[in-house]
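**Q** Next up is a structure, given as structure tokens.
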Amino acid sequence: MNGGSEVVSYLIVLLFLTSLLMNFTDIPQRIQLQRFSSFVRRKLYVLEEMESDARRKAVAYLSAAGIREASKVLDGFVDNFFLIRPVEMEPTDIIKRLRHLIRTRESSVRDYVRRVLGTAERSVQYSVETVLEVVSVLRLLNKLVRHYLELGLKHNNWILVMQLAIQMPEILEIAKAYANSVDAFTSGMPIGDGAGPLVAKMLVGWGEPRREIVEGTDLYEAEVEGRKVYAIKASGPGSNVGWPGEALEKLVGELGGAVDRIITVDAALKLESEETGEVAYGTGAAIGDLGPEKIAIERVAGNYSIPLDAVVVKMSEAEALGPLTKKIHEGVVKAYEVVRRTIVEKVREGGTVIVVGVGNTVGIR
Amino acid sequence: MLVQQVNPLLILLLAALIMLSLMALMPWLFSLSRSRSKAVREEVVELVGCPKCGHEYSRKYERGSYVGKEVGACPRGDGPLVVKAIYVERHEGPE
Ligand SMILES: [Zn+2]
């Protein structure tokens, strides 16, 4: 017997035993559970880092805005102000109920901020609200990930932990988008989601609003080649999305339905294969709220039989929340040209058209 | 002789071991080759222009500026200059 073949026989026995252990016990799953949970834990550190970073920036911003005990104010906000969705099993007047809940929540957030902020400019107040909301989204993401990780470990549910680990990169991307948006909101620069308001602003020649038609939403008037153009956008330059649906409802009511066309402009999530800043047009209400504003636009267009067009500028979620980039600005210029062409080609001379610039108007008056 | 002493099965097992460890190291090797990314410089600019005559130029963004803000008069004397847009420009390459 030489040394070589002895080693080989040991190795073969070892291989046989290992294969038994790996195939007929749940040791591999345990090992995987360990591996995946340590992966999730590592990513959780990154998430926590993002949250505390956003928190730091938010506290600095709130203090600069004149709020005393800013971190206490932040803590008082992040875990509160949730919204319970109305019952969907009975859809009668569900939009009315949802709309009521959204307005109630909005006004209680506003009261909370007003109480700590005192008499500040409205744009500052809106931006403070948004910064608080962003930090609470990060807090929620963090809590959810931790919840599923702990639940999976508690019940040895390796499938749950594995699923979580596989989804982690996507979750981190969303969290990163929110974490980066704090910079944009605190510095007051326009963000990608401001594409709609920017198109509306271009259309009226960067002029001043005629009046505030509903709370936090401005109405502009202009003329494009003999057509009367009404433009609706949120009041800036604070972080604000306004109530575009309610504003449109009110305006069309005031005009007695004498409107030839409604055009909504918004930022839209691009597919992975699409380029940032691509512009597309179609039919319907281009708006991504929870429902009440969108249905208001659809109802008013339907009730008065006014054609409803949609123009969108494509971008990723991170780009929508981050500072406006040159590529998106090029898309905005393209969308402006599409809207202008639609007005000239599809609205008769002397006709009336309403353009709704949907999105967050931070950094855009 | 040395060659005769070594069992072909042993070689096979050793080869399998090397293959396995290489596969385990694969992601790390890939990340090493990919980590050298280009330096990107970001600059925030604002587009200032006259809505009437189309006179337009871009300059560095100033904190507190916003789209629609009046920033002086048009040199051609037909109205105010306004900030038309604010955006981030990316330049690839070294500073
Ligand atoms: Zn001019």
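Residue numbers start at 1 in each chain; chains themselves are named A, B, ... in the order of the structure tokens; ligands are numbered from 1 in the order shown.
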Which residues form the shell of 12 Å around ligand 1 when you count only C-alpha atoms and all ligand atoms, given as number ranges by chain?
**A** B: 48-57, 72-82
**Q** Running DSSP on the backbone, which parts of chain B land in strand (DSSP E or B), as a VMD selection string?
**A** chain B and resid 40 to 49 56 to 60 67 70 to 73 80 to 92
**Q** Could you work out how far atom CA of Leu164 of chain A lies from atom CA of Met315 of chain A, giving the answer in Å with one decimal?
**A**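 We find that atom CA of Met315 of chain A and atom CA of Leu164 of chain A lie 26.0 Å from each other.
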**Q** Which residues of chain B are close to chain A, meaning at most 9 Å apart when you count only C-alpha atoms, and how do they look as number ranges by chain?
**A** B: 5-7, 9-10, 13, 44, 51-52, 63-69, 82-90
**Q** Go ahead and dump the residues you just picked, C-alpha atoms, as a compact mmCIF listing (two decimals), in the first residue's frame.
**A**
# COMPACT_ATOMS: atom_id res chain seq x y z
CA GLN B 5 3.08 6.79 -7.02
CA VAL B 6 0.49 9.49 -7.67
CA ASN B 7 -3.00 8.12 -8.06
CA LEU B 9 -8.08 9.82 -8.56
CA LEU B 10 -6.08 12.07 -6.27
CA LEU B 13 -9.97 15.33 -6.53
CA VAL B 44 -25.00 72.64 -10.78
CA PRO B 51 -38.43 85.17 -22.05
CA LYS B 52 -39.06 87.88 -24.68
CA ARG B 63 -28.03 78.79 -3.22
CA GLY B 64 -31.50 80.26 -2.79
CA SER B 65 -32.08 80.62 -6.50
CA TYR B 66 -35.20 79.09 -8.08
CA VAL B 67 -36.83 78.78 -11.48
CA GLY B 68 -38.86 81.91 -12.20
CA LYS B 69 -36.67 84.22 -10.05
CA VAL B 82 -35.36 85.16 -15.21
CA VAL B 83 -33.89 81.83 -14.12
CA LYS B 84 -35.28 79.42 -16.72
CA ALA B 85 -33.95 76.14 -15.33
CA ILE B 86 -31.58 74.67 -12.75
CA TYR B 87 -29.91 71.34 -13.39
CA VAL B 88 -26.88 69.16 -12.69
CA GLU B 89 -24.29 68.74 -15.41
CA ARG B 90 -21.96 65.73 -15.29
**Q** Would you work out the distance separating atom CA of Ile31 of chain A from atom CA of Met162 of chain A, expressed in Å to one decimal?
**A**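 Atom CA of Ile31 of chain A sits 11.6 Å away from atom CA of Met162 of chain A.
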**Q** Among the residues of chain B, find those DSSP assigns to alpha helix (DSSP H) from the backbone and print them as a PDB file with all heavy atoms, in the first residue's frame.
**A**
ATOM      1  N   LEU B   2       8.212   8.819  -9.001  1.00  0.00           N
ATOM      2  CA  LEU B   2       7.222   9.727  -8.425  1.00  0.00           C
ATOM      3  C   LEU B   2       5.905   9.685  -9.200  1.00  0.00           C
ATOM      4  O   LEU B   2       4.822   9.650  -8.638  1.00  0.00           O
ATOM      5  CB  LEU B   2       7.783  11.152  -8.418  1.00  0.00           C
ATOM      6  CG  LEU B   2       6.975  12.174  -7.629  1.00  0.00           C
ATOM      7  CD1 LEU B   2       7.209  11.980  -6.134  1.00  0.00           C
ATOM      8  CD2 LEU B   2       7.321  13.596  -8.042  1.00  0.00           C
ATOM      9  N   VAL B   3       6.042   9.611 -10.524  1.00  0.00           N
ATOM     10  CA  VAL B   3       4.859   9.660 -11.370  1.00  0.00           C
ATOM     11  C   VAL B   3       3.967   8.442 -11.120  1.00  0.00           C
ATOM     12  O   VAL B   3       2.746   8.547 -11.111  1.00  0.00           O
ATOM     13  CB  VAL B   3       5.266   9.736 -12.859  1.00  0.00           C
ATOM     14  CG1 VAL B   3       4.046   9.912 -13.750  1.00  0.00           C
ATOM     15  CG2 VAL B   3       6.254  10.866 -13.077  1.00  0.00           C
ATOM     16  N   GLN B   4       4.626   7.306 -10.872  1.00  0.00           N
ATOM     17  CA  GLN B   4       3.835   6.096 -10.678  1.00  0.00           C
ATOM     18  C   GLN B   4       3.096   6.090  -9.351  1.00  0.00           C
ATOM     19  O   GLN B   4       2.056   5.471  -9.210  1.00  0.00           O
ATOM     20  CB  GLN B   4       4.751   4.873 -10.760  1.00  0.00           C
ATOM     21  CG  GLN B   4       5.103   4.550 -12.190  1.00  0.00           C
ATOM     22  CD  GLN B   4       6.177   3.510 -12.259  1.00  0.00           C
ATOM     23  OE1 GLN B   4       7.068   3.453 -11.403  1.00  0.00           O
ATOM     24  NE2 GLN B   4       6.128   2.664 -13.267  1.00  0.00           N
ATOM     25  N   GLN B   5       3.675   6.815  -8.348  1.00  0.00           N
ATOM     26  CA  GLN B   5       3.082   6.787  -7.016  1.00  0.00           C
ATOM     27  C   GLN B   5       1.775   7.583  -6.940  1.00  0.00           C
ATOM     28  O   GLN B   5       0.910   7.301  -6.131  1.00  0.00           O
ATOM     29  CB  GLN B   5       4.061   7.356  -5.986  1.00  0.00           C
ATOM     30  CG  GLN B   5       5.089   6.325  -5.574  1.00  0.00           C
ATOM     31  CD  GLN B   5       6.159   6.934  -4.715  1.00  0.00           C
ATOM     32  OE1 GLN B   5       6.117   8.124  -4.429  1.00  0.00           O
ATOM     33  NE2 GLN B   5       7.113   6.130  -4.319  1.00  0.00           N
ATOM     34  N   PRO B   8      -4.299   8.660 -10.087  1.00  0.00           N
ATOM     35  CA  PRO B   8      -5.083   9.577 -10.940  1.00  0.00           C
ATOM     36  C   PRO B   8      -6.318  10.138 -10.221  1.00  0.00           C
ATOM     37  O   PRO B   8      -6.713  11.274 -10.468  1.00  0.00           O
ATOM     38  CB  PRO B   8      -5.488   8.699 -12.122  1.00  0.00           C
ATOM     39  CG  PRO B   8      -5.188   7.299 -11.727  1.00  0.00           C
ATOM     40  CD  PRO B   8      -4.120   7.342 -10.701  1.00  0.00           C
ATOM     41  N   LEU B   9      -6.899   9.341  -9.304  1.00  0.00           N
ATOM     42  CA  LEU B   9      -8.083   9.817  -8.565  1.00  0.00           C
ATOM     43  C   LEU B   9      -7.743  11.020  -7.696  1.00  0.00           C
ATOM     44  O   LEU B   9      -8.518  11.968  -7.567  1.00  0.00           O
ATOM     45  CB  LEU B   9      -8.618   8.695  -7.672  1.00  0.00           C
ATOM     46  CG  LEU B   9      -9.941   8.089  -8.113  1.00  0.00           C
ATOM     47  CD1 LEU B   9     -10.232   6.840  -7.303  1.00  0.00           C
ATOM     48  CD2 LEU B   9     -11.072   9.082  -8.010  1.00  0.00           C
ATOM     49  N   LEU B  10      -6.531  10.959  -7.104  1.00  0.00           N
ATOM     50  CA  LEU B  10      -6.076  12.066  -6.266  1.00  0.00           C
ATOM     51  C   LEU B  10      -5.971  13.349  -7.081  1.00  0.00           C
ATOM     52  O   LEU B  10      -6.404  14.431  -6.660  1.00  0.00           O
ATOM     53  CB  LEU B  10      -4.723  11.709  -5.652  1.00  0.00           C
ATOM     54  CG  LEU B  10      -4.162  12.722  -4.664  1.00  0.00           C
ATOM     55  CD1 LEU B  10      -5.034  12.824  -3.439  1.00  0.00           C
ATOM     56  CD2 LEU B  10      -2.744  12.347  -4.276  1.00  0.00           C
ATOM     57  N   ILE B  11      -5.433  13.208  -8.272  1.00  0.00           N
ATOM     58  CA  ILE B  11      -5.300  14.374  -9.163  1.00  0.00           C
ATOM     59  C   ILE B  11      -6.676  14.937  -9.479  1.00  0.00           C
ATOM     60  O   ILE B  11      -6.911  16.146  -9.440  1.00  0.00           O
ATOM     61  CB  ILE B  11      -4.567  13.971 -10.464  1.00  0.00           C
ATOM     62  CG1 ILE B  11      -3.124  13.554 -10.128  1.00  0.00           C
ATOM     63  CG2 ILE B  11      -4.548  15.134 -11.452  1.00  0.00           C
ATOM     64  CD1 ILE B  11      -2.387  12.955 -11.280  1.00  0.00           C
ATOM     65  N   LEU B  12      -7.609  14.029  -9.760  1.00  0.00           N
ATOM     66  CA  LEU B  12      -8.976  14.436 -10.088  1.00  0.00           C
ATOM     67  C   LEU B  12      -9.588  15.224  -8.929  1.00  0.00           C
ATOM     68  O   LEU B  12     -10.190  16.289  -9.105  1.00  0.00           O
ATOM     69  CB  LEU B  12      -9.812  13.188 -10.376  1.00  0.00           C
ATOM     70  CG  LEU B  12     -11.019  13.424 -11.289  1.00  0.00           C
ATOM     71  CD1 LEU B  12     -10.558  13.621 -12.722  1.00  0.00           C
ATOM     72  CD2 LEU B  12     -11.983  12.267 -11.178  1.00  0.00           C
ATOM     73  N   LEU B  13      -9.399  14.668  -7.708  1.00  0.00           N
ATOM     74  CA  LEU B  13      -9.966  15.329  -6.528  1.00  0.00           C
ATOM     75  C   LEU B  13      -9.349  16.703  -6.307  1.00  0.00           C
ATOM     76  O   LEU B  13     -10.046  17.681  -6.033  1.00  0.00           O
ATOM     77  CB  LEU B  13      -9.739  14.467  -5.282  1.00  0.00           C
ATOM     78  CG  LEU B  13     -10.732  13.344  -5.118  1.00  0.00           C
ATOM     79  CD1 LEU B  13     -10.252  12.364  -4.060  1.00  0.00           C
ATOM     80  CD2 LEU B  13     -12.100  13.889  -4.745  1.00  0.00           C
ATOM     81  N   LEU B  14      -8.030  16.783  -6.488  1.00  0.00           N
ATOM     82  CA  LEU B  14      -7.341  18.060  -6.327  1.00  0.00           C
ATOM     83  C   LEU B  14      -7.830  19.084  -7.350  1.00  0.00           C
ATOM     84  O   LEU B  14      -8.083  20.247  -7.025  1.00  0.00           O
ATOM     85  CB  LEU B  14      -5.832  17.867  -6.467  1.00  0.00           C
ATOM     86  CG  LEU B  14      -5.119  17.395  -5.199  1.00  0.00           C
ATOM     87  CD1 LEU B  14      -3.675  17.067  -5.495  1.00  0.00           C
ATOM     88  CD2 LEU B  14      -5.228  18.452  -4.110  1.00  0.00           C
ATOM     89  N   ALA B  15      -8.010  18.597  -8.586  1.00  0.00           N
ATOM     90  CA  ALA B  15      -8.494  19.488  -9.645  1.00  0.00           C
ATOM     91  C   ALA B  15      -9.882  20.016  -9.296  1.00  0.00           C
ATOM     92  O   ALA B  15     -10.177  21.208  -9.453  1.00  0.00           O
ATOM     93  CB  ALA B  15      -8.532  18.738 -10.971  1.00  0.00           C
ATOM     94  N   ALA B  16     -10.735  19.109  -8.773  1.00  0.00           N
ATOM     95  CA  ALA B  16     -12.095  19.510  -8.392  1.00  0.00           C
ATOM     96  C   ALA B  16     -12.047  20.562  -7.296  1.00  0.00           C
ATOM     97  O   ALA B  16     -12.804  21.542  -7.301  1.00  0.00           O
ATOM     98  CB  ALA B  16     -12.888  18.304  -7.918  1.00  0.00           C
ATOM     99  N   LEU B  17     -11.103  20.361  -6.341  1.00  0.00           N
ATOM    100  CA  LEU B  17     -10.971  21.307  -5.228  1.00  0.00           C
ATOM    101  C   LEU B  17     -10.578  22.699  -5.740  1.00  0.00           C
ATOM    102  O   LEU B  17     -11.154  23.714  -5.347  1.00  0.00           O
ATOM    103  CB  LEU B  17      -9.902  20.783  -4.265  1.00  0.00           C
ATOM    104  CG  LEU B  17      -9.994  21.334  -2.851  1.00  0.00           C
ATOM    105  CD1 LEU B  17     -11.170  20.736  -2.125  1.00  0.00           C
ATOM    106  CD2 LEU B  17      -8.695  21.083  -2.102  1.00  0.00           C
ATOM    107  N   ILE B  18      -9.623  22.717  -6.659  1.00  0.00           N
ATOM    108  CA  ILE B  18      -9.158  24.001  -7.212  1.00  0.00           C
ATOM    109  C   ILE B  18     -10.297  24.690  -7.967  1.00  0.00           C
ATOM    110  O   ILE B  18     -10.541  25.893  -7.822  1.00  0.00           O
ATOM    111  CB  ILE B  18      -7.941  23.776  -8.137  1.00  0.00           C
ATOM    112  CG1 ILE B  18      -6.728  23.358  -7.294  1.00  0.00           C
ATOM    113  CG2 ILE B  18      -7.614  25.036  -8.918  1.00  0.00           C
ATOM    114  CD1 ILE B  18      -5.580  22.821  -8.095  1.00  0.00           C
ATOM    115  N   MET B  19     -11.047  23.893  -8.753  1.00  0.00           N
ATOM    116  CA  MET B  19     -12.187  24.437  -9.503  1.00  0.00           C
ATOM    117  C   MET B  19     -13.196  25.088  -8.557  1.00  0.00           C
ATOM    118  O   MET B  19     -13.675  26.198  -8.791  1.00  0.00           O
ATOM    119  CB  MET B  19     -12.893  23.307 -10.266  1.00  0.00           C
ATOM    120  CG  MET B  19     -12.191  22.879 -11.537  1.00  0.00           C
ATOM    121  SD  MET B  19     -12.535  24.022 -12.878  1.00  0.00           S
ATOM    122  CE  MET B  19     -14.186  23.452 -13.307  1.00  0.00           C
ATOM    123  N   LEU B  20     -13.507  24.359  -7.482  1.00  0.00           N
ATOM    124  CA  LEU B  20     -14.509  24.850  -6.524  1.00  0.00           C
ATOM    125  C   LEU B  20     -14.067  26.165  -5.892  1.00  0.00           C
ATOM    126  O   LEU B  20     -14.843  27.120  -5.804  1.00  0.00           O
ATOM    127  CB  LEU B  20     -14.734  23.810  -5.421  1.00  0.00           C
ATOM    128  CG  LEU B  20     -15.845  22.820  -5.689  1.00  0.00           C
ATOM    129  CD1 LEU B  20     -15.871  21.734  -4.636  1.00  0.00           C
ATOM    130  CD2 LEU B  20     -17.203  23.526  -5.735  1.00  0.00           C
ATOM    131  N   SER B  21     -12.792  26.218  -5.461  1.00  0.00           N
ATOM    132  CA  SER B  21     -12.340  27.441  -4.803  1.00  0.00           C
ATOM    133  C   SER B  21     -12.303  28.602  -5.786  1.00  0.00           C
ATOM    134  O   SER B  21     -12.599  29.738  -5.436  1.00  0.00           O
ATOM    135  CB  SER B  21     -10.975  27.233  -4.145  1.00  0.00           C
ATOM    136  OG  SER B  21     -10.117  26.632  -5.067  1.00  0.00           O
ATOM    137  N   LEU B  22     -11.974  28.309  -7.062  1.00  0.00           N
ATOM    138  CA  LEU B  22     -11.985  29.363  -8.088  1.00  0.00           C
ATOM    139  C   LEU B  22     -13.381  29.935  -8.264  1.00  0.00           C
ATOM    140  O   LEU B  22     -13.581  31.137  -8.359  1.00  0.00           O
ATOM    141  CB  LEU B  22     -11.496  28.797  -9.419  1.00  0.00           C
ATOM    142  CG  LEU B  22     -10.035  29.080  -9.773  1.00  0.00           C
ATOM    143  CD1 LEU B  22      -9.699  28.471 -11.119  1.00  0.00           C
ATOM    144  CD2 LEU B  22      -9.779  30.582  -9.788  1.00  0.00           C
ATOM    145  N   MET B  23     -14.374  29.000  -8.279  1.00  0.00           N
ATOM    146  CA  MET B  23     -15.760  29.439  -8.465  1.00  0.00           C
ATOM    147  C   MET B  23     -16.236  30.284  -7.288  1.00  0.00           C
ATOM    148  O   MET B  23     -16.986  31.229  -7.448  1.00  0.00           O
ATOM    149  CB  MET B  23     -16.681  28.235  -8.648  1.00  0.00           C
ATOM    150  CG  MET B  23     -16.807  27.851 -10.111  1.00  0.00           C
ATOM    151  SD  MET B  23     -17.505  26.233 -10.297  1.00  0.00           S
ATOM    152  CE  MET B  23     -19.223  26.599 -10.085  1.00  0.00           C
ATOM    153  N   ALA B  24     -15.747  29.894  -6.100  1.00  0.00           N
ATOM    154  CA  ALA B  24     -16.141  30.658  -4.925  1.00  0.00           C
ATOM    155  C   ALA B  24     -15.533  32.059  -4.958  1.00  0.00           C
ATOM    156  O   ALA B  24     -16.120  33.015  -4.469  1.00  0.00           O
ATOM    157  CB  ALA B  24     -15.707  29.931  -3.663  1.00  0.00           C
ATOM    158  N   LEU B  25     -14.337  32.160  -5.568  1.00  0.00           N
ATOM    159  CA  LEU B  25     -13.655  33.454  -5.614  1.00  0.00           C
ATOM    160  C   LEU B  25     -14.109  34.329  -6.780  1.00  0.00           C
ATOM    161  O   LEU B  25     -13.754  35.496  -6.865  1.00  0.00           O
ATOM    162  CB  LEU B  25     -12.146  33.244  -5.706  1.00  0.00           C
ATOM    163  CG  LEU B  25     -11.453  32.842  -4.410  1.00  0.00           C
ATOM    164  CD1 LEU B  25      -9.996  32.530  -4.669  1.00  0.00           C
ATOM    165  CD2 LEU B  25     -11.564  33.965  -3.381  1.00  0.00           C
ATOM    166  N   MET B  26     -14.876  33.729  -7.704  1.00  0.00           N
ATOM    167  CA  MET B  26     -15.284  34.419  -8.928  1.00  0.00           C
ATOM    168  C   MET B  26     -15.864  35.820  -8.698  1.00  0.00           C
ATOM    169  O   MET B  26     -15.392  36.785  -9.297  1.00  0.00           O
ATOM    170  CB  MET B  26     -16.305  33.533  -9.650  1.00  0.00           C
ATOM    171  CG  MET B  26     -16.263  33.617 -11.142  1.00  0.00           C
ATOM    172  SD  MET B  26     -14.717  33.230 -11.908  1.00  0.00           S
ATOM    173  CE  MET B  26     -15.337  32.337 -13.301  1.00  0.00           C
ATOM    174  N   PRO B  27     -16.891  35.968  -7.839  1.00  0.00           N
ATOM    175  CA  PRO B  27     -17.494  37.290  -7.645  1.00  0.00           C
ATOM    176  C   PRO B  27     -16.474  38.332  -7.203  1.00  0.00           C
ATOM    177  O   PRO B  27     -16.500  39.473  -7.657  1.00  0.00           O
ATOM    178  CB  PRO B  27     -18.533  37.049  -6.534  1.00  0.00           C
ATOM    179  CG  PRO B  27     -18.780  35.609  -6.534  1.00  0.00           C
ATOM    180  CD  PRO B  27     -17.540  34.949  -7.007  1.00  0.00           C
ATOM    181  N   TRP B  28     -15.555  37.892  -6.335  1.00  0.00           N
ATOM    182  CA  TRP B  28     -14.547  38.812  -5.822  1.00  0.00           C
ATOM    183  C   TRP B  28     -13.623  39.276  -6.949  1.00  0.00           C
ATOM    184  O   TRP B  28     -13.314  40.456  -7.090  1.00  0.00           O
ATOM    185  CB  TRP B  28     -13.758  38.111  -4.716  1.00  0.00           C
ATOM    186  CG  TRP B  28     -12.718  38.956  -4.091  1.00  0.00           C
ATOM    187  CD1 TRP B  28     -12.920  40.041  -3.304  1.00  0.00           C
ATOM    188  CD2 TRP B  28     -11.300  38.811  -4.207  1.00  0.00           C
ATOM    189  NE1 TRP B  28     -11.745  40.579  -2.916  1.00  0.00           N
ATOM    190  CE2 TRP B  28     -10.714  39.830  -3.462  1.00  0.00           C
ATOM    191  CE3 TRP B  28     -10.473  37.894  -4.868  1.00  0.00           C
ATOM    192  CZ2 TRP B  28      -9.345  39.982  -3.357  1.00  0.00           C
ATOM    193  CZ3 TRP B  28      -9.105  38.042  -4.757  1.00  0.00           C
ATOM    194  CH2 TRP B  28      -8.553  39.080  -4.007  1.00  0.00           C
ATOM    195  N   LEU B  29     -13.218  38.301  -7.806  1.00  0.00           N
ATOM    196  CA  LEU B  29     -12.345  38.641  -8.932  1.00  0.00           C
ATOM    197  C   LEU B  29     -13.031  39.619  -9.880  1.00  0.00           C
ATOM    198  O   LEU B  29     -12.434  40.570 -10.356  1.00  0.00           O
ATOM    199  CB  LEU B  29     -11.952  37.357  -9.688  1.00  0.00           C
ATOM    200  CG  LEU B  29     -10.970  36.455  -8.957  1.00  0.00           C
ATOM    201  CD1 LEU B  29     -10.801  35.137  -9.705  1.00  0.00           C
ATOM    202  CD2 LEU B  29      -9.612  37.138  -8.814  1.00  0.00           C
ATOM    203  N   PHE B  30     -14.322  39.373 -10.126  1.00  0.00           N
ATOM    204  CA  PHE B  30     -15.087  40.259 -11.003  1.00  0.00           C
ATOM    205  C   PHE B  30     -15.141  41.666 -10.436  1.00  0.00           C
ATOM    206  O   PHE B  30     -14.944  42.642 -11.142  1.00  0.00           O
ATOM    207  CB  PHE B  30     -16.513  39.729 -11.189  1.00  0.00           C
ATOM    208  CG  PHE B  30     -16.652  38.864 -12.401  1.00  0.00           C
ATOM    209  CD1 PHE B  30     -17.092  37.560 -12.297  1.00  0.00           C
ATOM    210  CD2 PHE B  30     -16.343  39.370 -13.654  1.00  0.00           C
ATOM    211  CE1 PHE B  30     -17.208  36.755 -13.417  1.00  0.00           C
ATOM    212  CE2 PHE B  30     -16.455  38.579 -14.778  1.00  0.00           C
ATOM    213  CZ  PHE B  30     -16.888  37.266 -14.654  1.00  0.00           C
ATOM    214  N   SER B  31     -15.409  41.756  -9.126  1.00  0.00           N
ATOM    215  CA  SER B  31     -15.562  43.079  -8.515  1.00  0.00           C
ATOM    216  C   SER B  31     -14.229  43.830  -8.560  1.00  0.00           C
ATOM    217  O   SER B  31     -14.196  45.048  -8.688  1.00  0.00           O
ATOM    218  CB  SER B  31     -16.056  42.949  -7.078  1.00  0.00           C
ATOM    219  OG  SER B  31     -15.027  42.461  -6.269  1.00  0.00           O
ATOM    220  N   LEU B  32     -13.110  43.092  -8.488  1.00  0.00           N
ATOM    221  CA  LEU B  32     -11.793  43.733  -8.580  1.00  0.00           C
ATOM    222  C   LEU B  32     -11.606  44.401  -9.938  1.00  0.00           C
ATOM    223  O   LEU B  32     -11.140  45.522 -10.031  1.00  0.00           O
ATOM    224  CB  LEU B  32     -10.693  42.689  -8.382  1.00  0.00           C
ATOM    225  CG  LEU B  32     -10.140  42.520  -6.973  1.00  0.00           C
ATOM    226  CD1 LEU B  32      -8.909  41.637  -7.025  1.00  0.00           C
ATOM    227  CD2 LEU B  32      -9.787  43.871  -6.363  1.00  0.00           C
ATOM    228  N   SER B  33     -11.996  43.673 -10.992  1.00  0.00           N
ATOM    229  CA  SER B  33     -11.768  44.218 -12.328  1.00  0.00           C
ATOM    230  C   SER B  33     -12.745  45.337 -12.662  1.00  0.00           C
ATOM    231  O   SER B  33     -12.495  46.140 -13.543  1.00  0.00           O
ATOM    232  CB  SER B  33     -11.878  43.097 -13.372  1.00  0.00           C
ATOM    233  OG  SER B  33     -13.210  42.630 -13.390  1.00  0.00           O
ATOM    234  N   ARG B  34     -13.871  45.376 -11.949  1.00  0.00           N
ATOM    235  CA  ARG B  34     -14.886  46.375 -12.304  1.00  0.00           C
ATOM    236  C   ARG B  34     -14.772  47.681 -11.498  1.00  0.00           C
ATOM    237  O   ARG B  34     -15.353  48.680 -11.859  1.00  0.00           O
ATOM    238  CB  ARG B  34     -16.288  45.786 -12.113  1.00  0.00           C
ATOM    239  CG  ARG B  34     -17.205  46.149 -13.267  1.00  0.00           C
ATOM    240  CD  ARG B  34     -18.623  45.706 -12.982  1.00  0.00           C
ATOM    241  NE  ARG B  34     -18.743  44.255 -12.878  1.00  0.00           N
ATOM    242  CZ  ARG B  34     -19.764  43.654 -12.279  1.00  0.00           C
ATOM    243  NH1 ARG B  34     -20.725  44.355 -11.734  1.00  0.00           N
ATOM    244  NH2 ARG B  34     -19.833  42.341 -12.218  1.00  0.00           N
TER     245      ARG B  34
END
**Q** Name the residues in contact with Met168 of chain A at a cut-off of 9 Å, using only C-alpha atoms, excluding same-chain residues fewer than 2 positions from it; report them as a list in words.
**A**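 Final neighbour list, sorted by chain and number: Val40, Lys43, Leu44, Val145, Gln163, Leu164, Ala165, Ile166, Glu170, Ile171, Leu172 and Glu173 of chain A.
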**Q** Produce a file of the selected residues containing N, CA and C atoms, as a compact mmCIF listing (two decimals), in the first residue's frame.
**A**
# COMPACT_ATOMS: atom_id res chain seq x y z
N VAL A 40 -27.94 40.03 4.76
CA VAL A 40 -28.97 41.03 5.05
C VAL A 40 -28.50 41.96 6.16
N LYS A 43 -26.20 44.56 4.84
CA LYS A 43 -26.92 45.59 4.09
C LYS A 43 -27.74 46.47 5.04
N LEU A 44 -28.17 45.87 6.13
CA LEU A 44 -28.95 46.62 7.11
C LEU A 44 -28.09 47.72 7.74
N VAL A 145 -37.33 45.84 6.99
CA VAL A 145 -36.27 44.87 6.71
C VAL A 145 -35.89 44.13 7.98
N GLN A 163 -35.50 35.28 0.49
CA GLN A 163 -36.26 36.25 -0.31
C GLN A 163 -35.82 37.67 0.01
N LEU A 164 -35.68 37.93 1.30
CA LEU A 164 -35.27 39.25 1.75
C LEU A 164 -33.89 39.59 1.20
N ALA A 165 -32.98 38.61 1.27
CA ALA A 165 -31.62 38.84 0.79
C ALA A 165 -31.62 39.15 -0.71
N ILE A 166 -32.48 38.42 -1.44
CA ILE A 166 -32.52 38.63 -2.89
C ILE A 166 -33.10 40.00 -3.23
N GLU A 170 -32.61 45.88 -4.43
CA GLU A 170 -33.68 46.76 -4.88
C GLU A 170 -34.10 47.72 -3.76
N ILE A 171 -34.25 47.14 -2.55
CA ILE A 171 -34.64 47.95 -1.40
C ILE A 171 -33.60 49.05 -1.14
N LEU A 172 -32.33 48.65 -1.26
CA LEU A 172 -31.25 49.62 -1.03
C LEU A 172 -31.30 50.75 -2.06
N GLU A 173 -31.66 50.39 -3.30
CA GLU A 173 -31.73 51.41 -4.34
C GLU A 173 -32.80 52.44 -4.01
